[in-house]
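Each remark here refers to the structure printed beneath this line.
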Amino acid sequence: MLYRFSFLMLMLLMNTIVFAQQTAKVKGQAVEGATISLLKATDSSLVKLAVAGASGLFEIDQISSGEYLVQVTAVGFKPFYSNPFILQNENETYDLKAVPLTKSSDELTAVTVTASKRLIEVKPDRTIVNVDAGISNAGATAMEVLEKSPGISVDRDGNISLKGKQGVLVLIDGKPSYLSGTDLVNLLNNMMANQLDQIEIMTNPPAKYDAAGNSGIINIKTKKNKQRGWNGSLNLSYGQGAYYKTNNGLNLNYRNEKFNLFLNYSQNANKNFNDLYIKRTYLNQEGKHTGYFDQPTMLRMNGNNNSLKVGVDYSVNKKTTVGITSTGFISPRKYNSLSAGYLMDADRVIDSTVQTSSKNSNKWINGTINLSLRHTINKSSELTADLDYMHYDMTNNQLFHNTISLADETLVSDGFLRGDLPASIHIYTAKTDYNTTLKGEWKLEAGLKASRVKTNNQANYFNSAGSNWIPDYGKTNHFLYEESIYAGYVNTNKKIGKWSLQGGLRFEQTIYKGNQLGNPEKNDSSFRRSYASLFPSLYLTRELDSNHTVTVQTGRRIDRPAYQQLNPFLFFINEYTFQVGNPYIQPQFTWNFQLSHTYKDWLTTSLEFGDTKQYFSQIFKTEGRVTILTEGNLANMKNLNLSLTAQLKPTKWWSATINLTGTYQKVRGVGMNTDFNSEMISGNGNINNQFKFSKGWSAELSGFYNAKSRDAQFTIYGFGQVAAGIGKQILKGKGTIRLNVRDIFFTQQIQGDIRYQNVRERFNQSRDTRVATISFNWRFGKQLGESRRKNSGASEEQNRVRAGG
C-alpha cells in the first residue's frame with residue numbers, strides 16, 4: 001500500500017524542504033496585546049497576523065518578497081499604518097522600531113480589511129479548522145471534513161478518535177448532540193460542509209464545557225452572518241462517485257440594531273455503497289484450524305435529507321437581548337443488502353450456506369427549540385441563560401429473507417423475518433452562565449446546568465408463517481431509559497506579566513435508570529445507578545519572549561456508555577452475528593496532561609499523556625459458531641502522543657499546513673481479561689497545500705494517512721486519501737465555482753483483524769469515497785451603513801445581538 005502514497009510523501013518532502021528555507025521578516029515594538037497585521041500594499045489584503053508580547057515586541061517571519069504595509073491596532077489607540085515598504089530578498093529584515101500609537105478619541109472609526117482565513121489555526125487551548133478555506137470541502141459531509149482534520153481518525157463503523165483515543169464528545173454550536181454510535185454517524189453524514197463555519201478541536205476543554213469525552217471535544221460551529229442589512233448565500237453542488245451526491249443550501253439573514261432574523265435551509269440527496277468482506281477462522285485449544293466462515297456483504301443506500309433552521313434575536317434595550325431558534329430535519333433512507341455466509345470445515349469444504357437479503361427503510365425526524373437570554377449587568381459582568389428542548393423520532397422497517405442450505409443444496413430453512421423498530425429521544429436542558437472581571441483583571445466564570453434524557457426503543461420482530469406473521473419474542477425487545485445530569489462549574493483566568501493562568505472545577509452528578517420490558521417469553525428487568533464526580537482543569541502559559549510560548553495543561557474527563565449499550569437484550573444482525581448490551585458497564589475516567597510549545601505562531605509541538613481507568617471497549621465472544629458483540633469495562637489504558645503542526649508560506653501564492661501525530665498506546669486487561677492486553681505505536685498525518693493565484697484562481701492539494709493501529713481486540717491497517725481541487729471567483733468576487741476530487745487513488749479502504757477467544761477474523765471494507773464534485777457559491781445582499789456611537793457603545797450592542805444563521 002506504500003506505493004499508493006508515494007505522491008503524498010513527495011508532498012511532505014516538498015514542504016519539509018521549504019521549511020528549512022530562510023525568509024524575510026518584519027519586527028518592531030508597540031504595546032502589549034496589540035494586533036499586528038501585515039498587509040499587501042496594492043490592495044490592503046491580509047497576509048499575516050501577530051500579537052505583540054508582554055513588552056510590546058513583535059516579529060513576523062516567513063514573508064516572501066514584495067511590497068507591504070503594517071497595521072497596528074490596540075484597545076484605546078487609533079489604528080496605525082506604516083508607510084509602504086519593499087522586501088526584496090529572503091534574508092531582509094524590516095524594523096519598524098517603536099510604533100507611535102495615538103490614544104483614540106470618543107468617536108469610533110471602522111476599518112475594513114479583506115482577509116483570507118487560514119485552514120488551520122492553533123491556539124493554546126484548541127485547534128480550529130476553517131471549513132470554507134479548504135477547496136476539497138465543497139460538497140463534502142461533516143464526517144468527511146472530520147476525517148481529514150488534525151489528529152482525528154474515523155474507523156470502519158464511523159467511531160471518531162482524537163489522537164488515538166475514542167470517546168469524543170461532539171457538540172453542535174456548543175451544545176451536545178446526545179447521540180452516539182450509528183445515530184451520530186448518520187447525523188454527521190447528513191450535515192454538509194457548506195453549513196459549517198469552523199470545527200474546534202479541544203483535547204482538554206475548560207470547565208464551562210461538559211466533562212464528557214475522555215479524549216476531548218469536537219465543537220462543530222455552523223455559519224452565522226454578522227453583517228447588517230439583508231444578505232445571504234446560495235450553495236449548489238453535484239458529486240459523482242460510483243453513485244450520485246447532491247448538496248444544496250440557502251442562507252438568508254436580516255440584521256439591524258434591534259433585530260437579527262435568519263433562515264438556513266439545506267438539502268442533500270445521495271446514493272452510496274458499503275461492501276464488507278468478513279473471513280473468520282475457528283481454532284481449537286492447540287491453535288489448529290477447525291473451521292472457516294466467509295461472508296461477503298454488499299449494501300446499497302439511498303438518502304434524502306432536508307434540514308431547516310430559523311430564528312430571531314431581539315435587543316430589548318442596550319443591556320438585554322432575547323432570542324428564539326428552531327431547527328429540525330427530515331431524513332428518509334433506504335438500505336438494500338445481499339449477504340452470503342459460507343460455513344466450512346477444517347479442509348475448507350462447505351458445510352452449509354446462509355443467504356440473507358434485506359430491504360430496510362427508515363425515517364429520522366428531529367426538532368429542537370432554544371430560548372436564550374443575554375443580559376449585560378455592567379461593563380464587566382454578563383449573565384446568559386438557555387432553555388432547550390430536543391426531540392428525535394426514528395422509524396425503522398426491516399425485511400430479511402434467510403435461506404440455509406447444506407453442501408448438497410438441500411434446503412434446510414427458507415423464511416422471512418420482519419422487524420419494526422421505532423425509537424424516540426426527548427432531551428430537556430437548562431443552563432445559566434455568569435462572567436465578570438474583578439479587580440486586578442481577574443476574570444471569573446460560573447454556571448449551572450441540568451439535563452434530562454428519556455429514550456424509548458422498541459424492536460418488534462415477526463417470522464413468516466405462510467401469509468401470516470407470528471411474533472418472535474426471542475428477538476422482540478422494548479427498552480426504556482432515563483438519565484439526568486446536574487452540573488455546576490467555576491472557572492477563572494488571570495494574566496500576570498508573561499504568565500497566563502486559567503483554572504476551573506466542574507461538578508457533575510449523574511442519575512440513570514433503565515427498564516427492559518418483558519414479553520410472553522422473557523421476564524422484565526431493570527437497573528438504576530447514580531454517581532457524582534469532580535473534574536478539575538488547569539492551564540498555565542508562559543511567554544518566554546516574542547517568539548516562544550510554552551503551555552502546560554491538565555484535566556479530568558469522563559466517558560459515559562451510550563444509551564443502547566446499556567440495553568441487556570439480544571439484537572439480530574444476521575444468523576451468525578448478534579449484539580447484546582451490558583447494563584453493568586461503568587463510565588470510564590481519564591486524566592489528561594499536555595505540554596506544548598509554539599514558535600512564532602507557525603510551529604506548534606505538543607506532548608500529551610492520558611491515563612484511562614475502567615476503559616470500556618467493544619467485545620467479541622463466541623457461542624459455537626455464532627459471534628456475539630457486547631461492551632464491557634475490561635482494561636486500563638495509557639496513551640502517549642507527540643504532535644507537530646507547522647504552518648508555512650513558501651511563496652506569496654502558496655501556503656501549507658502539516659500536522660503529524662505519533663501515538664503509543666498500552667492497554668492492560670483487568671483480572672482475567674488478558675485477551676485485551678495490547679501495545680501499539682501508531683500515528684496519523686495530514687498535509688494541506690493552498691494556492692492563491694491572480695484573477696481569482698485558487699487550488700488545493702491535500703491528503704491524510706492513518707498508520708496501523710490496535711485497540712484491545714481490534715487491529716486496523718493503514719489507510720488514507722489524496723484530494724485536489726481548483727476554484728475561481730466570479731460575479732465580481734461574490735461567486736465561487738469549485739471542482740474537486742476526493743480519494744483520488746481510492747485508498748480509503750479499511751482492512752483489519754479481530755482476535756477473540758478461539759476466533760481470528762479478517763475484514764475488508766470499501767465505501768463510495770472517490771468522488772468528483774463541482775460546486776457553486778453565490779453571496780448576495782446589501783449591507784447597511786455603520787452608525788457612529790460614543791466610546792464602545794456600538795460594539796457592545798453588536799455583541800448583545802447573537803449572530804444567527
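Identifiers for the C-alpha cells are assigned positionally: chains receive A, B, ... in sequence, residues are indexed from 1 per chain, and ligands are indexed from 1 in the order shown.
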Write down as a PDB file with all heavy atoms, in the first residue's frame the residues belonging to stretch 120-170 of chain A that are assigned alpha helix (DSSP H) by DSSP computed on the backbone.
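Just written: out26.pdb:
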```pdb
ATOM      1  N   ALA A 142     -20.049  16.618   6.922  1.00  0.00           N
ATOM      2  CA  ALA A 142     -19.315  16.951   8.144  1.00  0.00           C
ATOM      3  C   ALA A 142     -18.372  15.815   8.535  1.00  0.00           C
ATOM      4  O   ALA A 142     -17.249  16.053   8.999  1.00  0.00           O
ATOM      5  CB  ALA A 142     -20.293  17.249   9.278  1.00  0.00           C
ATOM      6  N   MET A 143     -18.810  14.574   8.348  1.00  0.00           N
ATOM      7  CA  MET A 143     -17.957  13.433   8.680  1.00  0.00           C
ATOM      8  C   MET A 143     -16.715  13.416   7.802  1.00  0.00           C
ATOM      9  O   MET A 143     -15.603  13.147   8.285  1.00  0.00           O
ATOM     10  CB  MET A 143     -18.740  12.129   8.521  1.00  0.00           C
ATOM     11  CG  MET A 143     -17.932  10.883   8.832  1.00  0.00           C
ATOM     12  SD  MET A 143     -17.434  10.791  10.574  1.00  0.00           S
ATOM     13  CE  MET A 143     -18.908  10.051  11.269  1.00  0.00           C
ATOM     14  N   GLU A 144     -16.854  13.713   6.519  1.00  0.00           N
ATOM     15  CA  GLU A 144     -15.700  13.719   5.612  1.00  0.00           C
ATOM     16  C   GLU A 144     -14.730  14.851   5.945  1.00  0.00           C
ATOM     17  O   GLU A 144     -13.513  14.696   5.772  1.00  0.00           O
ATOM     18  CB  GLU A 144     -16.188  13.820   4.168  1.00  0.00           C
ATOM     19  CG  GLU A 144     -16.877  12.549   3.680  1.00  0.00           C
ATOM     20  CD  GLU A 144     -17.604  12.719   2.367  1.00  0.00           C
ATOM     21  OE1 GLU A 144     -17.965  13.880   2.025  1.00  0.00           O
ATOM     22  OE2 GLU A 144     -17.826  11.714   1.676  1.00  0.00           O
ATOM     23  N   VAL A 145     -15.239  15.979   6.424  1.00  0.00           N
ATOM     24  CA  VAL A 145     -14.359  17.057   6.866  1.00  0.00           C
ATOM     25  C   VAL A 145     -13.590  16.637   8.112  1.00  0.00           C
ATOM     26  O   VAL A 145     -12.387  16.898   8.247  1.00  0.00           O
ATOM     27  CB  VAL A 145     -15.157  18.346   7.132  1.00  0.00           C
ATOM     28  CG1 VAL A 145     -14.247  19.446   7.683  1.00  0.00           C
ATOM     29  CG2 VAL A 145     -15.834  18.838   5.857  1.00  0.00           C
ATOM     30  N   LEU A 146     -14.278  15.958   9.044  1.00  0.00           N
ATOM     31  CA  LEU A 146     -13.615  15.497  10.265  1.00  0.00           C
ATOM     32  C   LEU A 146     -12.512  14.496   9.953  1.00  0.00           C
ATOM     33  O   LEU A 146     -11.452  14.509  10.592  1.00  0.00           O
ATOM     34  CB  LEU A 146     -14.637  14.858  11.214  1.00  0.00           C
ATOM     35  CG  LEU A 146     -15.594  15.797  11.942  1.00  0.00           C
ATOM     36  CD1 LEU A 146     -16.585  14.995  12.787  1.00  0.00           C
ATOM     37  CD2 LEU A 146     -14.833  16.771  12.828  1.00  0.00           C
ATOM     38  N   GLU A 147     -12.741  13.613   8.982  1.00  0.00           N
ATOM     39  CA  GLU A 147     -11.780  12.557   8.664  1.00  0.00           C
ATOM     40  C   GLU A 147     -10.398  13.106   8.340  1.00  0.00           C
ATOM     41  O   GLU A 147      -9.385  12.439   8.589  1.00  0.00           O
ATOM     42  CB  GLU A 147     -12.281  11.725   7.483  1.00  0.00           C
ATOM     43  CG  GLU A 147     -13.354  10.717   7.852  1.00  0.00           C
ATOM     44  CD  GLU A 147     -13.788   9.892   6.650  1.00  0.00           C
ATOM     45  OE1 GLU A 147     -13.893  10.465   5.555  1.00  0.00           O
ATOM     46  OE2 GLU A 147     -14.014   8.687   6.819  1.00  0.00           O
TER      47      GLU A 147
END
```
Handout entry: Computed interatomic separation between atom CA of A:Ser702 and atom CA of A:Ala723 (Å)
Key =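 Between atom CA of A:Ser702 and atom CA of A:Ala723 the gap works out to 5.3 Å.
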Practice task
Write out as a list of chain:residue names each polymer residue whose atoms come within 12 Å of A:Ile585, counting only C-alpha atoms; drop sequence neighbours fewer than 5 positions from it.
Solution key: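 Residues meeting the cut-off are A:Phe527, A:Arg528, A:Arg529, A:Asp559, A:Arg560, A:Pro561, A:Ala562, A:Tyr563, A:Gln564, A:Gln565, A:Leu566, A:Asn567, A:Pro568, A:Gln614, A:Tyr615, A:Phe616, A:Ser617, A:Gln618, A:Thr630, A:Glu631, A:Gly632, A:Asn633, A:Leu634.
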Exercise for the section: Write out as number ranges by chain the residues lying within 7 Å of A:Leu283, counting only C-alpha atoms and excluding same-chain residues fewer than 6 positions away. Expected result: A: 289-290, 758-759
Exercise for the section: For each of A:Met202, A:Val47, A:Ala465, A:Ile330, take the minimum atom-to-atom distance to A:Thr651, counting only C-alpha atoms, then give the residue where this is smallest. Expected result: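 For A:Thr651, the nearest of the given residues is A:Val47.
Closest approach to A:Ser464 among A:Arg452, A:Ser606, A:Gly415, A:Lys494 is made by A:Gly415 (distances from only C-alpha atoms).
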Nearby residues (only C-alpha atoms) at most 9 Å from stretch 81-90 of chain A, same-chain spacing under 4 positions excluded, as an mmCIF file with N, CA and C atoms, in the first residue's frame:
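The result, written out as selection_36.cif:
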```
data_model
loop_
_atom_site.group_PDB
_atom_site.id
_atom_site.type_symbol
_atom_site.label_atom_id
_atom_site.label_comp_id
_atom_site.auth_asym_id
_atom_site.auth_seq_id
_atom_site.Cartn_x
_atom_site.Cartn_y
_atom_site.Cartn_z
ATOM 1 N N GLN A 21 14.029 26.703 4.581
ATOM 2 C CA GLN A 21 14.499 27.926 3.935
ATOM 3 C C GLN A 21 14.337 29.136 4.840
ATOM 4 N N GLN A 22 15.195 30.112 4.645
ATOM 5 C CA GLN A 22 15.085 31.366 5.365
ATOM 6 C C GLN A 22 14.193 32.318 4.593
ATOM 7 N N THR A 23 13.435 33.147 5.294
ATOM 8 C CA THR A 23 12.561 34.110 4.640
ATOM 9 C C THR A 23 12.700 35.454 5.319
ATOM 10 N N ALA A 24 12.170 36.493 4.642
ATOM 11 C CA ALA A 24 12.236 37.846 5.185
ATOM 12 C C ALA A 24 11.315 37.982 6.389
ATOM 13 N N LYS A 25 11.563 39.048 7.185
ATOM 14 C CA LYS A 25 10.723 39.247 8.357
ATOM 15 C C LYS A 25 10.570 40.730 8.655
ATOM 16 N N LYS A 40 -0.848 43.585 2.129
ATOM 17 C CA LYS A 40 -0.287 43.883 0.820
ATOM 18 C C LYS A 40 -0.493 45.364 0.523
ATOM 19 N N ALA A 41 0.519 46.022 0.008
ATOM 20 C CA ALA A 41 0.423 47.460 -0.265
ATOM 21 C C ALA A 41 -0.519 47.743 -1.433
ATOM 22 N N GLN A 62 8.647 34.349 7.726
ATOM 23 C CA GLN A 62 8.119 33.538 6.625
ATOM 24 C C GLN A 62 7.415 34.436 5.595
ATOM 25 N N ILE A 63 8.048 35.580 5.256
ATOM 26 C CA ILE A 63 7.458 36.543 4.327
ATOM 27 C C ILE A 63 8.190 36.469 2.994
ATOM 28 N N SER A 64 7.413 36.390 1.943
ATOM 29 C CA SER A 64 8.005 36.389 0.597
ATOM 30 C C SER A 64 8.325 37.824 0.165
ATOM 31 N N SER A 65 9.156 37.953 -0.855
ATOM 32 C CA SER A 65 9.489 39.293 -1.356
ATOM 33 C C SER A 65 8.238 39.949 -1.924
ATOM 34 N N GLY A 66 8.171 41.290 -1.791
ATOM 35 C CA GLY A 66 7.008 42.030 -2.258
ATOM 36 C C GLY A 66 6.885 43.364 -1.558
ATOM 37 N N GLU A 67 5.784 44.092 -1.860
ATOM 38 C CA GLU A 67 5.549 45.404 -1.268
ATOM 39 C C GLU A 67 4.434 45.277 -0.213
ATOM 40 N N TYR A 68 4.702 45.771 1.004
ATOM 41 C CA TYR A 68 3.783 45.594 2.123
ATOM 42 C C TYR A 68 3.608 46.889 2.895
ATOM 43 N N LEU A 69 2.615 46.859 3.817
ATOM 44 C CA LEU A 69 2.498 47.864 4.859
ATOM 45 C C LEU A 69 1.999 47.157 6.113
ATOM 46 N N VAL A 70 2.180 47.781 7.269
ATOM 47 C CA VAL A 70 1.818 47.177 8.551
ATOM 48 C C VAL A 70 0.734 48.007 9.219
ATOM 49 N N GLN A 71 -0.307 47.315 9.702
ATOM 50 C CA GLN A 71 -1.355 47.948 10.501
ATOM 51 C C GLN A 71 -1.215 47.466 11.944
ATOM 52 N N VAL A 72 -1.276 48.396 12.908
ATOM 53 C CA VAL A 72 -1.217 48.058 14.329
ATOM 54 C C VAL A 72 -2.480 48.591 14.989
ATOM 55 N N TYR A 94 12.807 44.116 8.011
ATOM 56 C CA TYR A 94 12.323 45.489 8.072
ATOM 57 C C TYR A 94 11.945 45.788 9.520
ATOM 58 N N LEU A 96 10.376 48.264 12.236
ATOM 59 C CA LEU A 96 9.545 49.444 12.481
ATOM 60 C C LEU A 96 9.988 50.202 13.725
ATOM 61 N N VAL A 99 6.585 51.844 17.492
ATOM 62 C CA VAL A 99 5.423 52.300 16.735
ATOM 63 C C VAL A 99 4.751 53.447 17.486
#
```
Practice task
Could you tell me, as number ranges by chain, which residues of stretch 494-574 of chain A DSSP assigns to strand (DSSP E or B) when given the backbone?
Solution key: A: 494-496, 499-517, 519, 522, 525-543, 548-559, 570-574
Practice task
Would you kindly return, as a PyMOL selection string, each protein, DNA or RNA residue with an atom no farther than 6 Å from any atom of stretch 422-425 of chain A, considering only C-alpha atoms and excluding same-chain residues fewer than 4 positions away?
Solution key: chain A and resi 391-396+454-458
Practice task
Find the spatial neighbours of A:Arg280, counting only C-alpha atoms, within a cut-off of 6 Å - ignore same-chain residues fewer than 4 positions away - and output them as a count of residues only.
Solution key: 4
Counting only C-alpha atoms, give me one row per residue of stretch 144-234 of chain A with an atom at most 10 Å from an atom of stretch 297-317 of chain A, showing the shortest contact pair and its distance in Å to one decimal, sorted by chain then residue number, as a Markdown table.
```
| residue | atom | partner | partner_atom | distance |
| --- | --- | --- | --- | --- |
| A:Asn189 | CA | A:Asn305 | CA | 9.8 |
| A:Asn190 | CA | A:Asn305 | CA | 6.4 |
| A:Met191 | CA | A:Ser307 | CA | 8.7 |
```
Completion exercise
The residue from A:Phe746, A:Tyr481, A:Tyr342, A:Tyr178 with the smallest atom-to-atom distance to A:Leu406, counting only C-alpha atoms, is A:Tyr342
